[in-house]
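Next comes start.pdb, with PDB, N, CA and C atoms.
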ATOM      1  N   MET A   1      88.814   1.613  54.998
ATOM      2  CA  MET A   1      87.445   2.083  55.098
ATOM      3  C   MET A   1      87.132   2.952  53.884
ATOM      4  N   THR A   2      85.944   2.776  53.294
ATOM      5  CA  THR A   2      85.564   3.546  52.117
ATOM      6  C   THR A   2      84.882   4.839  52.538
ATOM      7  N   ASP A   3      84.929   5.815  51.627
ATOM      8  CA  ASP A   3      84.223   7.064  51.876
ATOM      9  C   ASP A   3      82.723   6.810  51.817
ATOM     10  N   VAL A   4      81.992   7.477  52.691
ATOM     11  CA  VAL A   4      80.544   7.322  52.730
ATOM     12  C   VAL A   4      79.921   8.713  52.725
ATOM     13  N   ALA A   5      78.987   8.919  51.821
ATOM     14  CA  ALA A   5      78.307  10.209  51.737
ATOM     15  C   ALA A   5      77.239  10.307  52.817
ATOM     16  N   ALA A   6      77.011  11.517  53.277
ATOM     17  CA  ALA A   6      75.945  11.774  54.241
ATOM     18  C   ALA A   6      74.598  11.628  53.531
ATOM     19  N   PRO A   7      73.515  11.565  54.304
ATOM     20  CA  PRO A   7      72.195  11.483  53.683
ATOM     21  C   PRO A   7      71.985  12.602  52.656
ATOM     22  N   THR A   8      71.252  12.279  51.608
ATOM     23  CA  THR A   8      71.056  13.222  50.512
ATOM     24  C   THR A   8      69.596  13.247  50.099
ATOM     25  N   ASP A   9      69.379  13.784  48.926
ATOM     26  CA  ASP A   9      68.068  13.848  48.284
ATOM     27  C   ASP A   9      67.614  12.468  47.786
ATOM     28  N   ALA A  10      68.472  11.476  47.860
ATOM     29  CA  ALA A  10      68.171  10.162  47.290
ATOM     30  C   ALA A  10      67.132   9.399  48.115
ATOM     31  N   LEU A  11      66.258   8.687  47.396
ATOM     32  CA  LEU A  11      65.218   7.861  48.015
ATOM     33  C   LEU A  11      65.237   6.462  47.419
ATOM     34  N   LEU A  12      64.816   5.511  48.216
ATOM     35  CA  LEU A  12      64.507   4.169  47.751
ATOM     36  C   LEU A  12      62.999   4.025  47.884
ATOM     37  N   VAL A  13      62.323   3.737  46.765
ATOM     38  CA  VAL A  13      60.872   3.577  46.766
ATOM     39  C   VAL A  13      60.567   2.113  46.503
ATOM     40  N   LEU A  14      59.693   1.545  47.326
ATOM     41  CA  LEU A  14      59.294   0.153  47.185
ATOM     42  C   LEU A  14      57.839   0.085  46.765
ATOM     43  N   THR A  15      57.549  -0.781  45.804
ATOM     44  CA  THR A  15      56.170  -1.049  45.425
ATOM     45  C   THR A  15      56.080  -2.478  44.935
ATOM     46  N   ASN A  16      54.954  -3.114  45.200
ATOM     47  CA  ASN A  16      54.686  -4.467  44.716
ATOM     48  C   ASN A  16      53.730  -4.372  43.542
ATOM     49  N   VAL A  17      54.026  -5.113  42.478
ATOM     50  CA  VAL A  17      53.190  -5.077  41.277
ATOM     51  C   VAL A  17      52.984  -6.495  40.757
ATOM     52  N   PRO A  18      51.933  -6.704  39.967
ATOM     53  CA  PRO A  18      51.763  -8.009  39.346
ATOM     54  C   PRO A  18      52.958  -8.303  38.435
ATOM     55  N   PRO A  19      53.474  -9.535  38.436
ATOM     56  CA  PRO A  19      54.648  -9.859  37.619
ATOM     57  C   PRO A  19      54.499  -9.490  36.149
ATOM     58  N   ALA A  20      53.303  -9.603  35.604
ATOM     59  CA  ALA A  20      53.102  -9.289  34.186
ATOM     60  C   ALA A  20      53.306  -7.807  33.881
ATOM     61  N   ARG A  21      53.248  -6.946  34.890
ATOM     62  CA  ARG A  21      53.377  -5.493  34.692
ATOM     63  C   ARG A  21      54.719  -4.945  35.168
ATOM     64  N   ALA A  22      55.496  -5.766  35.893
ATOM     65  CA  ALA A  22      56.696  -5.281  36.580
ATOM     66  C   ALA A  22      57.711  -4.631  35.644
ATOM     67  N   GLU A  23      58.109  -5.314  34.593
ATOM     68  CA  GLU A  23      59.159  -4.754  33.734
ATOM     69  C   GLU A  23      58.680  -3.503  33.007
ATOM     70  N   ALA A  24      57.448  -3.479  32.562
ATOM     71  CA  ALA A  24      56.934  -2.290  31.870
ATOM     72  C   ALA A  24      56.926  -1.080  32.798
ATOM     73  N   ILE A  25      56.529  -1.289  34.038
ATOM     74  CA  ILE A  25      56.517  -0.182  35.008
ATOM     75  C   ILE A  25      57.949   0.268  35.298
ATOM     76  N   ALA A  26      58.855  -0.685  35.491
ATOM     77  CA  ALA A  26      60.264  -0.350  35.753
ATOM     78  C   ALA A  26      60.859   0.440  34.590
ATOM     79  N   ARG A  27      60.628  -0.029  33.374
ATOM     80  CA  ARG A  27      61.163   0.661  32.186
ATOM     81  C   ARG A  27      60.574   2.067  32.056
ATOM     82  N   HIS A  28      59.299   2.223  32.333
ATOM     83  CA  HIS A  28      58.683   3.546  32.272
ATOM     84  C   HIS A  28      59.374   4.500  33.253
ATOM     85  N   CYS A  29      59.626   4.026  34.458
ATOM     86  CA  CYS A  29      60.257   4.871  35.482
ATOM     87  C   CYS A  29      61.643   5.335  35.043
ATOM     88  N   VAL A  30      62.417   4.442  34.444
ATOM     89  CA  VAL A  30      63.766   4.796  34.000
ATOM     90  C   VAL A  30      63.701   5.624  32.713
ATOM     91  N   ASP A  31      62.860   5.220  31.755
ATOM     92  CA  ASP A  31      62.755   5.935  30.481
ATOM     93  C   ASP A  31      62.336   7.390  30.662
ATOM     94  N   THR A  32      61.479   7.663  31.614
ATOM     95  CA  THR A  32      60.973   9.023  31.822
ATOM     96  C   THR A  32      61.843   9.844  32.773
ATOM     97  N   GLY A  33      62.916   9.256  33.302
ATOM     98  CA  GLY A  33      63.802   9.977  34.209
ATOM     99  C   GLY A  33      63.289  10.063  35.628
ATOM    100  N   LEU A  34      62.230   9.306  35.948
ATOM    101  CA  LEU A  34      61.705   9.316  37.317
ATOM    102  C   LEU A  34      62.549   8.461  38.250
ATOM    103  N   ALA A  35      63.388   7.598  37.689
ATOM    104  CA  ALA A  35      64.258   6.732  38.483
ATOM    105  C   ALA A  35      65.566   6.526  37.735
ATOM    106  N   ALA A  36      66.634   6.352  38.492
ATOM    107  CA  ALA A  36      67.930   6.031  37.894
ATOM    108  C   ALA A  36      68.038   4.541  37.632
ATOM    109  N   CYS A  37      67.373   3.755  38.473
ATOM    110  CA  CYS A  37      67.488   2.301  38.406
ATOM    111  C   CYS A  37      66.289   1.698  39.121
ATOM    112  N   VAL A  38      65.838   0.554  38.604
ATOM    113  CA  VAL A  38      64.782  -0.201  39.275
ATOM    114  C   VAL A  38      65.206  -1.664  39.299
ATOM    115  N   ASN A  39      65.236  -2.246  40.480
ATOM    116  CA  ASN A  39      65.502  -3.677  40.621
ATOM    117  C   ASN A  39      64.181  -4.410  40.739
ATOM    118  N   LEU A  40      64.056  -5.514  40.012
ATOM    119  CA  LEU A  40      62.868  -6.350  40.065
ATOM    120  C   LEU A  40      63.219  -7.606  40.855
ATOM    121  N   ILE A  41      62.582  -7.768  41.982
ATOM    122  CA  ILE A  41      62.817  -8.931  42.841
ATOM    123  C   ILE A  41      61.899 -10.054  42.350
ATOM    124  N   PRO A  42      62.379 -11.294  42.315
ATOM    125  CA  PRO A  42      61.551 -12.396  41.796
ATOM    126  C   PRO A  42      60.172 -12.446  42.463
ATOM    127  N   PRO A  43      59.205 -12.996  41.730
ATOM    128  CA  PRO A  43      57.843 -13.065  42.275
ATOM    129  C   PRO A  43      57.792 -13.696  43.663
ATOM    130  N   MET A  44      56.852 -13.212  44.438
ATOM    131  CA  MET A  44      56.642 -13.665  45.814
ATOM    132  C   MET A  44      55.145 -13.669  46.071
ATOM    133  N   THR A  45      54.753 -14.248  47.155
ATOM    134  CA  THR A  45      53.357 -14.231  47.562
ATOM    135  C   THR A  45      53.183 -13.212  48.669
ATOM    136  N   SER A  46      52.239 -12.306  48.495
ATOM    137  CA  SER A  46      51.893 -11.332  49.523
ATOM    138  C   SER A  46      50.567 -11.744  50.151
ATOM    139  N   VAL A  47      50.501 -11.682  51.468
ATOM    140  CA  VAL A  47      49.267 -11.973  52.208
ATOM    141  C   VAL A  47      48.910 -10.695  52.949
ATOM    142  N   TYR A  48      47.665 -10.244  52.790
ATOM    143  CA  TYR A  48      47.266  -8.954  53.345
ATOM    144  C   TYR A  48      45.759  -8.934  53.590
ATOM    145  N   ARG A  49      45.346  -7.958  54.393
ATOM    146  CA  ARG A  49      43.916  -7.763  54.656
ATOM    147  C   ARG A  49      43.418  -6.672  53.714
ATOM    148  N   TRP A  50      42.324  -6.960  53.000
ATOM    149  CA  TRP A  50      41.729  -5.974  52.104
ATOM    150  C   TRP A  50      40.219  -6.054  52.229
ATOM    151  N   GLN A  51      39.612  -4.944  52.602
ATOM    152  CA  GLN A  51      38.171  -4.834  52.759
ATOM    153  C   GLN A  51      37.612  -5.952  53.642
ATOM    154  N   GLY A  52      38.299  -6.186  54.771
ATOM    155  CA  GLY A  52      37.844  -7.137  55.775
ATOM    156  C   GLY A  52      38.163  -8.593  55.491
ATOM    157  N   GLN A  53      38.822  -8.880  54.379
ATOM    158  CA  GLN A  53      39.136 -10.268  54.017
ATOM    159  C   GLN A  53      40.649 -10.463  53.951
ATOM    160  N   ILE A  54      41.095 -11.665  54.269
ATOM    161  CA  ILE A  54      42.501 -12.017  54.082
ATOM    162  C   ILE A  54      42.660 -12.428  52.624
ATOM    163  N   GLU A  55      43.571 -11.762  51.915
ATOM    164  CA  GLU A  55      43.823 -12.003  50.496
ATOM    165  C   GLU A  55      45.268 -12.446  50.307
ATOM    166  N   SER A  56      45.549 -13.033  49.169
ATOM    167  CA  SER A  56      46.928 -13.310  48.789
ATOM    168  C   SER A  56      47.063 -13.082  47.298
ATOM    169  N   ALA A  57      48.270 -12.695  46.894
ATOM    170  CA  ALA A  57      48.530 -12.414  45.490
ATOM    171  C   ALA A  57      49.994 -12.663  45.191
ATOM    172  N   THR A  58      50.270 -13.072  43.971
ATOM    173  CA  THR A  58      51.650 -13.171  43.506
ATOM    174  C   THR A  58      52.042 -11.791  43.010
ATOM    175  N   GLU A  59      53.149 -11.282  43.533
ATOM    176  CA  GLU A  59      53.602  -9.939  43.186
ATOM    177  C   GLU A  59      55.110  -9.931  43.009
ATOM    178  N   GLN A  60      55.594  -8.872  42.370
ATOM    179  CA  GLN A  60      57.021  -8.637  42.254
ATOM    180  C   GLN A  60      57.329  -7.323  42.943
ATOM    181  N   LEU A  61      58.390  -7.319  43.741
ATOM    182  CA  LEU A  61      58.819  -6.113  44.437
ATOM    183  C   LEU A  61      59.727  -5.309  43.519
ATOM    184  N   LEU A  62      59.414  -4.023  43.364
ATOM    185  CA  LEU A  62      60.287  -3.114  42.633
ATOM    186  C   LEU A  62      61.017  -2.242  43.648
ATOM    187  N   LEU A  63      62.342  -2.184  43.530
ATOM    188  CA  LEU A  63      63.170  -1.287  44.330
ATOM    189  C   LEU A  63      63.578  -0.149  43.401
ATOM    190  N   ILE A  64      63.003   1.010  43.623
ATOM    191  CA  ILE A  64      63.159   2.142  42.713
ATOM    192  C   ILE A  64      64.082   3.166  43.357
ATOM    193  N   LYS A  65      65.179   3.492  42.663
ATOM    194  CA  LYS A  65      66.112   4.504  43.167
ATOM    195  C   LYS A  65      65.794   5.824  42.491
ATOM    196  N   THR A  66      65.465   6.843  43.294
ATOM    197  CA  THR A  66      65.034   8.134  42.771
ATOM    198  C   THR A  66      65.469   9.244  43.713
ATOM    199  N   SER A  67      64.912  10.438  43.507
ATOM    200  CA  SER A  67      65.215  11.580  44.373
ATOM    201  C   SER A  67      63.925  12.097  45.003
ATOM    202  N   GLN A  68      64.088  12.832  46.094
ATOM    203  CA  GLN A  68      62.919  13.420  46.746
ATOM    204  C   GLN A  68      62.203  14.380  45.811
ATOM    205  N   SER A  69      62.954  15.097  44.997
ATOM    206  CA  SER A  69      62.313  16.054  44.091
ATOM    207  C   SER A  69      61.513  15.355  42.994
ATOM    208  N   ALA A  70      61.905  14.146  42.602
ATOM    209  CA  ALA A  70      61.170  13.391  41.573
ATOM    210  C   ALA A  70      60.024  12.573  42.170
ATOM    211  N   TYR A  71      60.008  12.424  43.483
ATOM    212  CA  TYR A  71      59.031  11.533  44.109
ATOM    213  C   TYR A  71      57.570  11.853  43.754
ATOM    214  N   PRO A  72      57.120  13.100  43.807
ATOM    215  CA  PRO A  72      55.699  13.347  43.496
ATOM    216  C   PRO A  72      55.302  12.840  42.103
ATOM    217  N   GLN A  73      56.147  13.066  41.107
ATOM    218  CA  GLN A  73      55.850  12.590  39.756
ATOM    219  C   GLN A  73      55.932  11.065  39.679
ATOM    220  N   LEU A  74      56.888  10.480  40.379
ATOM    221  CA  LEU A  74      57.014   9.021  40.406
ATOM    222  C   LEU A  74      55.770   8.410  41.039
ATOM    223  N   GLU A  75      55.335   8.951  42.164
ATOM    224  CA  GLU A  75      54.140   8.423  42.826
ATOM    225  C   GLU A  75      52.922   8.522  41.905
ATOM    226  N   ALA A  76      52.767   9.655  41.220
ATOM    227  CA  ALA A  76      51.642   9.817  40.295
ATOM    228  C   ALA A  76      51.710   8.784  39.171
ATOM    229  N   ALA A  77      52.907   8.540  38.647
ATOM    230  CA  ALA A  77      53.069   7.545  37.578
ATOM    231  C   ALA A  77      52.742   6.149  38.083
ATOM    232  N   LEU A  78      53.178   5.819  39.293
ATOM    233  CA  LEU A  78      52.884   4.491  39.846
ATOM    234  C   LEU A  78      51.380   4.311  40.041
ATOM    235  N   HIS A  79      50.700   5.327  40.511
ATOM    236  CA  HIS A  79      49.244   5.240  40.663
ATOM    237  C   HIS A  79      48.577   5.031  39.296
ATOM    238  N   ALA A  80      49.068   5.720  38.276
ATOM    239  CA  ALA A  80      48.481   5.609  36.938
ATOM    240  C   ALA A  80      48.748   4.247  36.300
ATOM    241  N   LEU A  81      49.920   3.672  36.554
ATOM    242  CA  LEU A  81      50.316   2.423  35.899
ATOM    243  C   LEU A  81      49.922   1.170  36.674
ATOM    244  N   HIS A  82      49.706   1.308  37.959
ATOM    245  CA  HIS A  82      49.440   0.150  38.824
ATOM    246  C   HIS A  82      47.975  -0.261  38.712
ATOM    247  N   PRO A  83      47.701  -1.553  38.571
ATOM    248  CA  PRO A  83      46.310  -1.986  38.428
ATOM    249  C   PRO A  83      45.513  -2.021  39.732
ATOM    250  N   SER A  84      46.182  -1.934  40.877
ATOM    251  CA  SER A  84      45.469  -2.011  42.152
ATOM    252  C   SER A  84      44.797  -0.694  42.509
ATOM    253  N   GLU A  85      43.699  -0.803  43.231
ATOM    254  CA  GLU A  85      42.989   0.382  43.710
ATOM    255  C   GLU A  85      43.840   1.185  44.691
ATOM    256  N   LEU A  86      44.612   0.480  45.524
ATOM    257  CA  LEU A  86      45.457   1.118  46.533
ATOM    258  C   LEU A  86      46.851   0.486  46.489
ATOM    259  N   PRO A  87      47.706   0.923  45.561
ATOM    260  CA  PRO A  87      49.040   0.322  45.476
ATOM    261  C   PRO A  87      49.906   0.685  46.676
ATOM    262  N   GLU A  88      50.721  -0.264  47.073
ATOM    263  CA  GLU A  88      51.712  -0.004  48.112
ATOM    264  C   GLU A  88      52.841   0.809  47.500
ATOM    265  N   ILE A  89      53.057   2.010  48.017
ATOM    266  CA  ILE A  89      54.156   2.865  47.576
ATOM    267  C   ILE A  89      54.794   3.418  48.840
ATOM    268  N   ILE A  90      56.008   2.960  49.127
ATOM    269  CA  ILE A  90      56.704   3.346  50.355
ATOM    270  C   ILE A  90      58.052   3.938  49.975
ATOM    271  N   SER A  91      58.376   5.104  50.530
ATOM    272  CA  SER A  91      59.693   5.693  50.266
ATOM    273  C   SER A  91      60.532   5.682  51.534
ATOM    274  N   VAL A  92      61.820   5.447  51.330
ATOM    275  CA  VAL A  92      62.778   5.398  52.429
ATOM    276  C   VAL A  92      63.955   6.294  52.054
ATOM    277  N   PRO A  93      64.221   7.338  52.845
ATOM    278  CA  PRO A  93      65.388   8.170  52.551
ATOM    279  C   PRO A  93      66.664   7.348  52.710
ATOM    280  N   LEU A  94      67.615   7.564  51.817
ATOM    281  CA  LEU A  94      68.882   6.843  51.921
ATOM    282  C   LEU A  94      69.783   7.545  52.921
ATOM    283  N   GLY A  95      70.337   6.770  53.804
ATOM    284  CA  GLY A  95      71.302   7.290  54.763
ATOM    285  C   GLY A  95      72.683   7.273  54.148
ATOM    286  N   PRO A  96      73.701   7.253  54.978
ATOM    287  CA  PRO A  96      75.060   7.232  54.465
ATOM    288  C   PRO A  96      75.225   6.128  53.416
ATOM    289  N   SER A  97      75.797   6.506  52.286
ATOM    290  CA  SER A  97      75.923   5.602  51.152
ATOM    291  C   SER A  97      77.172   5.942  50.364
ATOM    292  N   SER A  98      77.479   5.137  49.384
ATOM    293  CA  SER A  98      78.622   5.368  48.506
ATOM    294  C   SER A  98      78.464   6.704  47.777
ATOM    295  N   PRO A  99      79.389   7.629  47.962
ATOM    296  CA  PRO A  99      79.257   8.942  47.318
ATOM    297  C   PRO A  99      79.171   8.852  45.793
ATOM    298  N   ARG A 100      79.987   8.022  45.194
ATOM    299  CA  ARG A 100      79.964   7.911  43.733
ATOM    300  C   ARG A 100      78.628   7.345  43.254
ATOM    301  N   TYR A 101      78.082   6.373  43.987
ATOM    302  CA  TYR A 101      76.785   5.820  43.592
ATOM    303  C   TYR A 101      75.694   6.877  43.722
ATOM    304  N   LEU A 102      75.696   7.618  44.813
ATOM    305  CA  LEU A 102      74.684   8.662  44.999
ATOM    306  C   LEU A 102      74.784   9.734  43.923
ATOM    307  N   GLN A 103      76.006  10.112  43.550
ATOM    308  CA  GLN A 103      76.182  11.088  42.472
ATOM    309  C   GLN A 103      75.590  10.545  41.174
ATOM    310  N   TRP A 104      75.877   9.278  40.880
ATOM    311  CA  TRP A 104      75.326   8.650  39.666
ATOM    312  C   TRP A 104      73.808   8.627  39.732
ATOM    313  N   LEU A 105      73.264   8.194  40.875
ATOM    314  CA  LEU A 105      71.821   8.104  41.034
ATOM    315  C   LEU A 105      71.161   9.444  40.757
ATOM    316  N   LEU A 106      71.613  10.478  41.440
ATOM    317  CA  LEU A 106      70.975  11.794  41.313
ATOM    318  C   LEU A 106      71.184  12.394  39.927
ATOM    319  N   ALA A 107      72.317  12.093  39.288
ATOM    320  CA  ALA A 107      72.573  12.606  37.946
ATOM    321  C   ALA A 107      71.657  11.938  36.915
ATOM    322  N   ASN A 108      71.115  10.775  37.235
ATOM    323  CA  ASN A 108      70.289  10.042  36.288
ATOM    324  C   ASN A 108      68.796  10.109  36.578
ATOM    325  N   VAL A 109      68.415  10.994  37.483
ATOM    326  CA  VAL A 109      66.998  11.248  37.739
ATOM    327  C   VAL A 109      66.721  12.665  37.255
ATOM    328  N   SER A 110      65.816  12.771  36.288
ATOM    329  CA  SER A 110      65.504  14.090  35.723
ATOM    330  C   SER A 110      64.071  14.114  35.243
ATOM    331  N   PRO A 111      63.137  14.223  36.180
ATOM    332  CA  PRO A 111      61.720  14.200  35.798
ATOM    333  C   PRO A 111      61.337  15.415  34.952
TER     334      PRO A 111
END
Written as structure tokens, how would this file's structure read?
Amino acid sequence: MTDVAAPTDALLVLTNVPPARAEAIARHCVDTGLAACVNLIPPMTSVYRWQGQIESATEQLLLIKTSQSAYPQLEAALHALHPSELPEIISVPLGPSSPRYLQWLLANVSP
């Protein structure tokens, strides 16, 4: 059995972005220290209700690894960089995880 760290300051933030903007947004998050790592999930189709209509769009999911202390700045950056009026930005606290990975993650977030 491997060692597992207790919950920490680490967060996983999810946001969907247009594929043409995904890598630039991911690089900005890492370059500015708002995230330690961002995974870009291949394009997908999202179906949602917006202003009373059923809409669909091709989007890419970004999995952003960050800290609770960096979250306010990360959220502000996502709002500034995202072309949508109301971007989906969801944070999930990380539960028990690999201690070495969590140490690396938190050491590489420095807003």
Show me a table, sorted first by chain and then by increasing residue number, of the residues of segment 33-95 of chain A having an atom at most 6 Å from segment 6-20 of chain A, each with its shortest atom pair and the distance in Å to one decimal, counting all atoms listed in the file and written as JSON lines.
{"residue": "A:Thr58", "atom": "C", "partner": "A:Pro18", "partner_atom": "CA", "distance": 5.3}
{"residue": "A:Glu59", "atom": "CA", "partner": "A:Val17", "partner_atom": "C", "distance": 4.3}
{"residue": "A:Gln60", "atom": "N", "partner": "A:Val17", "partner_atom": "C", "distance": 3.9}
{"residue": "A:Leu61", "atom": "CA", "partner": "A:Asn16", "partner_atom": "CA", "distance": 4.5}
{"residue": "A:Leu62", "atom": "N", "partner": "A:Thr15", "partner_atom": "C", "distance": 4.0}
{"residue": "A:Leu63", "atom": "CA", "partner": "A:Val13", "partner_atom": "C", "distance": 4.8}
{"residue": "A:Ile64", "atom": "C", "partner": "A:Val13", "partner_atom": "N", "distance": 3.9}
{"residue": "A:Lys65", "atom": "CA", "partner": "A:Leu11", "partner_atom": "C", "distance": 4.8}
{"residue": "A:Thr66", "atom": "C", "partner": "A:Leu11", "partner_atom": "N", "distance": 3.8}
{"residue": "A:Ser67", "atom": "CA", "partner": "A:Asp9", "partner_atom": "C", "distance": 4.3}
{"residue": "A:Gln68", "atom": "N", "partner": "A:Asp9", "partner_atom": "C", "distance": 3.9}
{"residue": "A:Glu88", "atom": "C", "partner": "A:Thr15", "partner_atom": "CA", "distance": 4.3}
{"residue": "A:Ile89", "atom": "CA", "partner": "A:Leu14", "partner_atom": "C", "distance": 4.7}
{"residue": "A:Ile90", "atom": "C", "partner": "A:Leu14", "partner_atom": "N", "distance": 3.9}
{"residue": "A:Ser91", "atom": "CA", "partner": "A:Val13", "partner_atom": "CA", "distance": 4.3}
{"residue": "A:Val92", "atom": "N", "partner": "A:Leu12", "partner_atom": "C", "distance": 3.9}
{"residue": "A:Pro93", "atom": "CA", "partner": "A:Leu11", "partner_atom": "CA", "distance": 4.5}
{"residue": "A:Leu94", "atom": "N", "partner": "A:Ala10", "partner_atom": "C", "distance": 4.2}
{"residue": "A:Gly95", "atom": "C", "partner": "A:Pro7", "partner_atom": "CA", "distance": 4.3}
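The space between atom N of Pro43 of chain A and atom C of Trp104 of chain A spans 26.2 Å.
For Val47 of chain A, the list of residues within 7 Å, based on only N, CA and C atoms and with local chain neighbours fewer than 6 positions off taken out, reads A:Ile54, A:Glu55, A:Ser56, A:Ala57.
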Once 4 Å is added on each side, what are the centre and the three edge lengths, in Å to one decimal, of the axis-aligned box enclosing the listed atoms of segment 7-14 of chain A? Present them as JSON.
{"center_x": 65.7, "center_y": 7.0, "center_z": 50.4, "size_x": 23.7, "size_y": 21.8, "size_z": 15.8}
As an exercise, work out the distance from atom CA of Ala36 of chain A to atom CA of Pro83 of chain A in Å and give it to one decimal place.
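So the two atoms, atom CA of Ala36 of chain A and atom CA of Pro83 of chain A, lie 23.1 Å apart.
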